[in-house]
Each structure stands twice: as structure tokens, then as C-alpha cells.
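Q: Shown below is the structure under consideration.
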Amino acid sequence: MSDLSYADVSALLQARWPEHKIEPSLDRVRRLVELLGDPQKAYPVVHLTGTNGKTSTARMIDTLLREAGLRTGRFTSPHLESVRERITLDGEPISEERFVEAYAEIAPYLDVVDAEQEHPLTFFEVMTGMAYAVFADAPVDVAVIEVGLGGSWDSTNVADGTVSVITPIAVDHAHILGADPVTIAGEKAGIIKTGGTTVMSQQSLEVFEVLLRRAAEVGSQVAREGIEFGVVSRTLAVGGQVISVKGLGGEYDELYLPLHGEYQAHNAATAVAAVEALLGASPESDGRVTTELLQAGFANVTSPGRMEVVRQSPTVIVDASHNPHGAEATAATVSEAFQFEPLIGVLGCMKDKDVYGVLEAYEPIMETVVCTRNSFVERSMPAEELGELAAEVFGEERVLVRPHLIDAIDDAIRLAEENAVALGSGGVLITGSVITAGEARSLLVRKPKGEQS
């Protein structure tokens with residue numbers, strides 16, 4: 001295995017079951033980590049699930065913990081441009097060399113598990129095993145782990161979270177998780193573990209009931225947004241917003257968050273509570289969380305592909321929203337933080353999503369939508385089919401179809417420039433899928449010389 005290249009390992013991983021093909025079971029990954037010596041037990045884990053906001057919240061928690069002087073590992077999915085983004089040490093993706101080494105180290109055990117089980121290990125299960133092993137080898141002081149899908153039977157759930165974080169739950173992956181938030185909450189509640197603390201972002205009352213029932217059953221302490229913690233205030237600022245947060249240990253004021261959107265303020269409050277729960281904070285004890293730590297940490301937070309401005313004149317924004325709940329939040333954020341006249345949309349969606357609901361969320365803010373297709377052909381909706389749906393929502397005169405993403409972006413930029421009501425006021429929003437956002441980012445963001453994906 002020592003002569004494998006990064007391309008070889010990428011090909012071997014892609015040859016396995018893709019992460020959207022599900023065989024609900026922890027048997028395979030549990031056997032894998034057992035053979036690896038249960039690396040997921042070597043460090044405390046902050047475990048995140050939810051429908052939207054998981055990756056942004058995970059990145060915030062990671063940044064705050066590093067500001068507190070801890071060495072962190074972070075496992076998130078999916079990736080925008082490089083699979084290495086999924087496994088980070090101290091905020092940076094592991095190198096190609098370490099990625100290859102990590103695969104080579106666990107490869108003999110993959111063969112054993114594949115031979116023993118009815119189904120071979122999936123792509124995501126192998127990535128999970130690699131991440132846990134890398135973090136144990138580093139070693140890290142804490143691992144921030146985002147579920148891939150669901151909760152109870154997600155492969156990351158072989159770890160027991162010291163802190164479990166539940167971001168807002170809505171409907172996504174309905175064909176797998178269920179058609180309503182309450183059903184989905186039952187699956188996601190599976191990451192709540194005995195003796196830990198569960199930090200819950202704002203939810204509907206029905207969802208809160210499901211989560212609280214699980215927490216009571218296993219004996220988990222609970223911190224709920226809107227009760228034990230929350231956003232006290234937020235004001236717009238250049239490049240983001242300034243927020244005040246009520247935390248578990250007190251109130252933290254004047255926190256500059258260089259991200260747009262009310263939802264990011266709520267993600268930040270959830271991140272604060274999670275860090276407090278891990279490090280220890282309450283009204284009776286000062287703990288390790290201070291306003292100064294949070295100010296320094298949040299100032300360095302980034303969330304690539306989430307309302308990310310990747311070009312100016314005209315402004316081009318890349319956003320990974322891919323379900324109606326996320327699209328509604330993105331639409332509200334664009335309306336709040338920018339004054340685009342016109343806003344041109346570039347949309348590339350997966351066919352197993354509620355695409356009609358996404359289109360309805362964007363119709364009020366987009367003058368024209370350019371329908372395209374990302375390269376993930378197996379799951380992506382053909383541009384022509386997307387265009388037909390968009391015509392039902394927007395009307396044919398407001399829809400363009402461009403099968404290639406680069407052409408769609410070029411036409412959107414041209415329309416934004418030509419139809420700008422005032423100098424520089426046109427904008428472009430590229431969205432609809434994490435894959436679409438990542439591919440657009442690859443086309444539009446200049447990489448430092450010599451950087452590889």
C-alpha cells in the first residue's frame with residue numbers, strides 16, 4: 001500500500017458504495033473501529049446532527065476550541081472541492097500524504113470487514129474510520145464530528161458524544177429519514193448519549209418533545225436555544241454582523257461574526273453553548289469561556305460555500321443551500337445584507353431533493369434564474385428538467401437553461417451587469433446543491449500558487 005498515490009486512494013474510495021446509497025446498520029463500521037482499537041474513544045467528541053447549519057456550527061465550535069488552546073480534529077461532509085476537507089487537524093485539511101497514509105494504515109482492516117459482512121464498507125464508513133484513526137494518532141484534545149445522514153445509524157454514531165448538538169430540524173432526505181420533522185427528529189435523537197450534554201438549537205415544540213424525551217431516557221443534560229441560551233441582539237456590520245449571546249455561563253456582548261444571515265447568528269449561539277458545555281461554564285463558575293475568547297475566535301470563523309462572496313463587480317455569491325428550509329434562510333439573508341437590482345440566480349440541484357420548494361423560496365428575490373447541472377450526473381437534475389420546473393414557478397420569460405455550469409455563470413454575470421439599475425448593483429447567487437457550490441467555487445476562487453485540491 002505504500003506506493004499508492006492520492007489519485008489511487010481517491011479512486012478506491014469512490015469505487016465503494018456512495019454516501020447517498022444507504023444500508024442502515026452500524027455493524028460494519030463498528031467492526032472496523034473495533035479492529036482499529038476503537039480510536040473514537042481516545043478523545044472527547046462534540047457530535048452534531050440536524051438538517052441545516054451543521055457544518056457552519058461545527059466550524060465555529062472548532063475555531064472557538066482552538067482559540068481556547070485545544071488541538072482539534074473535525075470531520076464534516078460533504079466536501080466542496082476536495083475530499084480532504086472532510087478530515088481536518090487544527091482547522092486545516094490533512095495533506096495528500098497524510099490522507100494516503102491514513103488509508104494505507106486501515107486498508108488491511110477494510111478487507112477483513114468486507115469479507116465478514118453481507119455488504120462491503122461504504123465510502124462514508126471508510127472515511128469515518130480514517131477520521132477517527134487520524135484524530136487518535138495526532139492526537140487531538142477534542143474531535144468535532146458531523147453526522148453524514150440522520151443520527152442513530154449514521155456511521156459516526158459509533159462515537160459517544162460528550163456534547164451532542166442538534167441544529168434546526170426540517171425535512172430533507174425524506175425518502176430515507178421520513179416525511180416530517182417529528183419523524184426525522186426521532187432518527188437524529190439517536191446521537192444523544194448517556195451522561196452527556198445535549199445542546200438544542202431552536203426547534204418546533206413537537207421536535208423539542210422528541211429530543212427531550214430521548215434526553216430524559218438516557219440521562220443527558222439539556223441546553224435549549226431560547227431558554228438556557230440564545231441570541232440577545234444582532235446588528236448588521238460590514239462583512240457580517242455583531243451579536244450578543246446569552247450563554248450557559250452569562251452574556252457575551254459585541255461579538256463580531258464575519259458571516260451574513262440571522263441563521264448564522266443562531267448557529268453562533270449554539271456553538272457558544274456547545275463549547276461552554278464541553279469546557280464547563282455556568283452562572284456559578286467562570287469556566288474557560290470568556291467574552292474575549294469568543295471575540296477572538298469568532299473573528300476568525302469562515303464558512304466556505306455558505307453565503308460566500310467569491311467575486312465583486314458584480315457581486316457573485318456561492319451558497320450550498322439545497323432544501324426549502326435552507327433556501328428560505330438564504331433568500332432572507334440576501335434580502336437583508338445586500339441590495340441587488342437585479343439578482344440573477346444560477347441553480348443546479350439534485351433530483352432527489354424538493355426542487356420545487358427551493359424554486360419557490362427563491363422566486364421572490366431572483367429576477368431571472370439560469371438553470372444548469374453540476375457534474376454529479378448520477379444524482380443531479382438535468383438542466384432542461386430543472387428549467388421546466390422553474391418555468392412553472394418563475395414563468396418562462398424569467399428562465400434560462402444552460403447545461404454547463406461555466407456557461408450559466410457567464411450568462412448570469414452578463415445579465416447582472418447589463419440590467420443593473422445602479423452602478424455595481426447587480427448580483428449573482430449560485431446555489432441549489434453543495435456540489436454546485438463547490439464547482440462554482442473552483443471556477444471563481446483563485447487558489448494560492450501551488451495549492452492542490
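Ligands are numbered from 1 in the order shown, chains are lettered A, B, ... in the order of the C-alpha cells, and residues start at 1 in each chain.
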Quick one: everything within 9 Å of Gly348 of chain A, counting only C-alpha atoms, minus sequence neighbours fewer than 2 positions away in the same chain. Send it as number ranges by chain.

A: A: 346, 350, 370-374, 380-383, 386, 405, 430-433, 435-437

Q: Identify, on the basis of only C-alpha atoms, every residue whose closest approach to Ser77 of chain A does not exceed 8 Å; exclude the query and any residue fewer than 4 positions from it along the same chain; express the result as a ChimeraX atom specification.

A: /A:55,86,146-148

Q: Could you name the residues that touch Glu254 of chain A at 8 Å or less, counting only C-alpha atoms, but leaving out those on the same chain fewer than 2 positions away, as a list in words?

A: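 Those residues are Val242, Ile243, Ser244, Tyr252, Tyr256 and Gln295 of chain A.
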
Q: Quick one: everything within 12 Å of Pro304 of chain A, counting only C-alpha atoms, minus sequence neighbours fewer than 3 positions away in the same chain. Send it as an NGL selection string.

A: :A and (55-56 or 59 or 79-81 or 85 or 258-259 or 301 or 307-310 or 317-320 or 434 or 437-438 or 440-442 or 445)

Q: Looking at only C-alpha atoms, which of A:Leu64, A:Val199, A:Leu4, A:Ala189 is the one that sits closest to Ala107 of chain A?

A: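 Once distances to Ala107 of chain A are computed over only C-alpha atoms, the minimum belongs to A:Leu4.
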
Q: Among segment 107-296 of chain A, which residues carry a DSSP assignment of strand (DSSP E or B), reported as number ranges by chain?

A: A: 142-146, 163-166, 197-200, 221-225, 229-237, 240-247, 250-257, 282, 285

Q: With N, CA and C atoms retained, export the selected residues as a compact mmCIF listing (two decimals), in the first residue's frame.

A:
# COMPACT_ATOMS: atom_id res chain seq x y z
N VAL A 142 -9.81 17.16 21.31
CA VAL A 142 -11.25 17.01 21.13
C VAL A 142 -11.53 16.85 19.64
N ALA A 143 -12.55 16.06 19.30
CA ALA A 143 -12.97 15.90 17.91
C ALA A 143 -14.37 16.46 17.74
N VAL A 144 -14.55 17.24 16.69
CA VAL A 144 -15.85 17.81 16.34
C VAL A 144 -16.36 17.01 15.14
N ILE A 145 -17.44 16.26 15.34
CA ILE A 145 -17.88 15.27 14.36
C ILE A 145 -19.30 15.59 13.88
N GLU A 146 -19.45 15.74 12.58
CA GLU A 146 -20.76 15.98 11.98
C GLU A 146 -21.29 14.68 11.38
N VAL A 163 -20.67 16.03 24.16
CA VAL A 163 -21.69 17.03 23.87
C VAL A 163 -22.35 16.65 22.55
N SER A 164 -23.67 16.56 22.55
CA SER A 164 -24.44 16.32 21.33
C SER A 164 -25.13 17.61 20.94
N VAL A 165 -25.01 17.98 19.69
CA VAL A 165 -25.58 19.24 19.20
C VAL A 165 -26.63 18.92 18.14
N ILE A 166 -27.83 19.47 18.31
CA ILE A 166 -28.91 19.27 17.35
C ILE A 166 -29.25 20.62 16.73
N THR A 197 -24.15 16.03 27.47
CA THR A 197 -24.98 17.22 27.44
C THR A 197 -25.49 17.41 26.03
N THR A 198 -26.76 17.71 25.88
CA THR A 198 -27.35 17.93 24.56
C THR A 198 -27.69 19.40 24.39
N VAL A 199 -27.11 20.01 23.36
CA VAL A 199 -27.36 21.41 23.04
C VAL A 199 -28.31 21.43 21.85
N MET A 200 -29.48 22.03 22.03
CA MET A 200 -30.51 22.02 21.01
C MET A 200 -30.75 23.42 20.47
N GLN A 221 -28.03 15.82 30.14
CA GLN A 221 -28.38 17.19 30.48
C GLN A 221 -28.78 17.92 29.20
N VAL A 222 -29.54 18.98 29.33
CA VAL A 222 -30.10 19.65 28.17
C VAL A 222 -29.87 21.16 28.24
N ALA A 223 -29.52 21.75 27.10
CA ALA A 223 -29.46 23.21 26.96
C ALA A 223 -30.22 23.55 25.69
N ARG A 224 -31.28 24.36 25.82
CA ARG A 224 -32.17 24.67 24.70
C ARG A 224 -32.06 26.13 24.29
N GLU A 225 -31.94 26.35 22.98
CA GLU A 225 -31.94 27.72 22.49
C GLU A 225 -33.30 28.35 22.78
N PHE A 229 -30.01 29.26 26.50
CA PHE A 229 -29.08 30.12 25.74
C PHE A 229 -29.81 30.69 24.54
N GLY A 230 -29.19 31.68 23.90
CA GLY A 230 -29.81 32.24 22.69
C GLY A 230 -29.16 33.54 22.25
N VAL A 231 -29.65 34.07 21.15
CA VAL A 231 -29.19 35.35 20.60
C VAL A 231 -29.96 36.47 21.30
N VAL A 232 -29.24 37.37 21.91
CA VAL A 232 -29.86 38.51 22.59
C VAL A 232 -30.12 39.64 21.61
N SER A 233 -29.12 39.93 20.76
CA SER A 233 -29.27 41.01 19.78
C SER A 233 -28.31 40.78 18.63
N ARG A 234 -28.63 41.40 17.50
CA ARG A 234 -27.73 41.35 16.35
C ARG A 234 -27.93 42.61 15.54
N THR A 235 -26.82 43.15 15.05
CA THR A 235 -26.86 44.32 14.17
C THR A 235 -25.97 44.05 12.97
N LEU A 236 -26.36 44.56 11.82
CA LEU A 236 -25.57 44.36 10.62
C LEU A 236 -24.25 45.12 10.73
N ALA A 237 -23.21 44.57 10.16
CA ALA A 237 -21.89 45.20 10.13
C ALA A 237 -21.25 44.90 8.79
N GLY A 240 -20.52 41.24 7.73
CA GLY A 240 -21.15 40.27 8.64
C GLY A 240 -22.10 40.94 9.61
N GLN A 241 -21.92 40.67 10.91
CA GLN A 241 -22.85 41.18 11.91
C GLN A 241 -22.18 41.18 13.28
N VAL A 242 -22.73 41.97 14.18
CA VAL A 242 -22.27 41.99 15.58
C VAL A 242 -23.40 41.45 16.42
N ILE A 243 -23.09 40.46 17.25
CA ILE A 243 -24.13 39.79 18.03
C ILE A 243 -23.80 39.81 19.52
N SER A 244 -24.85 39.70 20.31
CA SER A 244 -24.72 39.44 21.74
C SER A 244 -25.42 38.11 22.01
N VAL A 245 -24.79 37.29 22.83
CA VAL A 245 -25.30 35.95 23.07
C VAL A 245 -25.46 35.70 24.56
N LYS A 246 -26.61 35.17 24.92
CA LYS A 246 -26.79 34.64 26.28
C LYS A 246 -26.30 33.20 26.27
N GLY A 247 -25.27 32.92 27.06
CA GLY A 247 -24.73 31.58 27.12
C GLY A 247 -25.09 30.89 28.41
N GLY A 250 -23.36 33.05 31.19
CA GLY A 250 -23.53 34.50 31.25
C GLY A 250 -23.76 35.08 29.88
N GLU A 251 -23.71 36.40 29.77
CA GLU A 251 -23.95 37.07 28.49
C GLU A 251 -22.63 37.55 27.90
N TYR A 252 -22.50 37.40 26.61
CA TYR A 252 -21.29 37.79 25.89
C TYR A 252 -21.68 38.81 24.83
N ASP A 253 -21.14 40.01 24.94
CA ASP A 253 -21.54 41.12 24.08
C ASP A 253 -20.46 41.47 23.06
N GLU A 254 -20.91 42.19 22.02
CA GLU A 254 -20.01 42.74 20.99
C GLU A 254 -19.14 41.66 20.34
N LEU A 255 -19.79 40.61 19.88
CA LEU A 255 -19.08 39.54 19.17
C LEU A 255 -19.23 39.78 17.67
N TYR A 256 -18.14 40.11 16.99
CA TYR A 256 -18.21 40.31 15.54
C TYR A 256 -18.14 38.95 14.85
N LEU A 257 -19.16 38.68 14.03
CA LEU A 257 -19.24 37.43 13.28
C LEU A 257 -19.16 37.76 11.80
N SER A 282 -21.07 27.92 33.77
CA SER A 282 -22.37 28.08 34.40
C SER A 282 -22.38 29.41 35.14
N SER A 285 -19.88 29.46 37.95
CA SER A 285 -18.44 29.30 37.74
C SER A 285 -18.00 30.08 36.52

Q: Got a sec: who's within 9 Å of Ala331 of chain A, counting only C-alpha atoms, leaving out chain neighbours fewer than 4 positions off, as a ChimeraX atom specification?

A: /A:326-327,335-336,361-362,364-365

Q: Between A:Val45, A:Thr72, A:Ser201, A:Val9, single out the one closest to Ala102 of chain A, counting only C-alpha atoms.

A: A:Val9

Q: Assign secondary structure with DSSP using the backbone only, and return the residues of segment 289-374 of chain A in helix (DSSP H, G or I) as a ChimeraX atom specification.

A: /A:291-299,324-337,355-362

Q: Neighbouring residues of Ile344 of chain A were defined as those with any atom within 9 Å, considering only C-alpha atoms; residues of the same chain fewer than 5 positions away were excluded. Please report them as a ChimeraX atom specification.

A: /A:365-370,412-413,415-416,426-430

Q: Fewer than 2 positions away in the same chain doesn't count, so skip those; otherwise give me all residues within 8 Å of segment 26-41 of chain A, counting only C-alpha atoms, as a ChimeraX atom specification.

A: /A:24,43-44,106,109-110,113,117,120-121,125-126,129,132-133,135-136,153-155,157-160
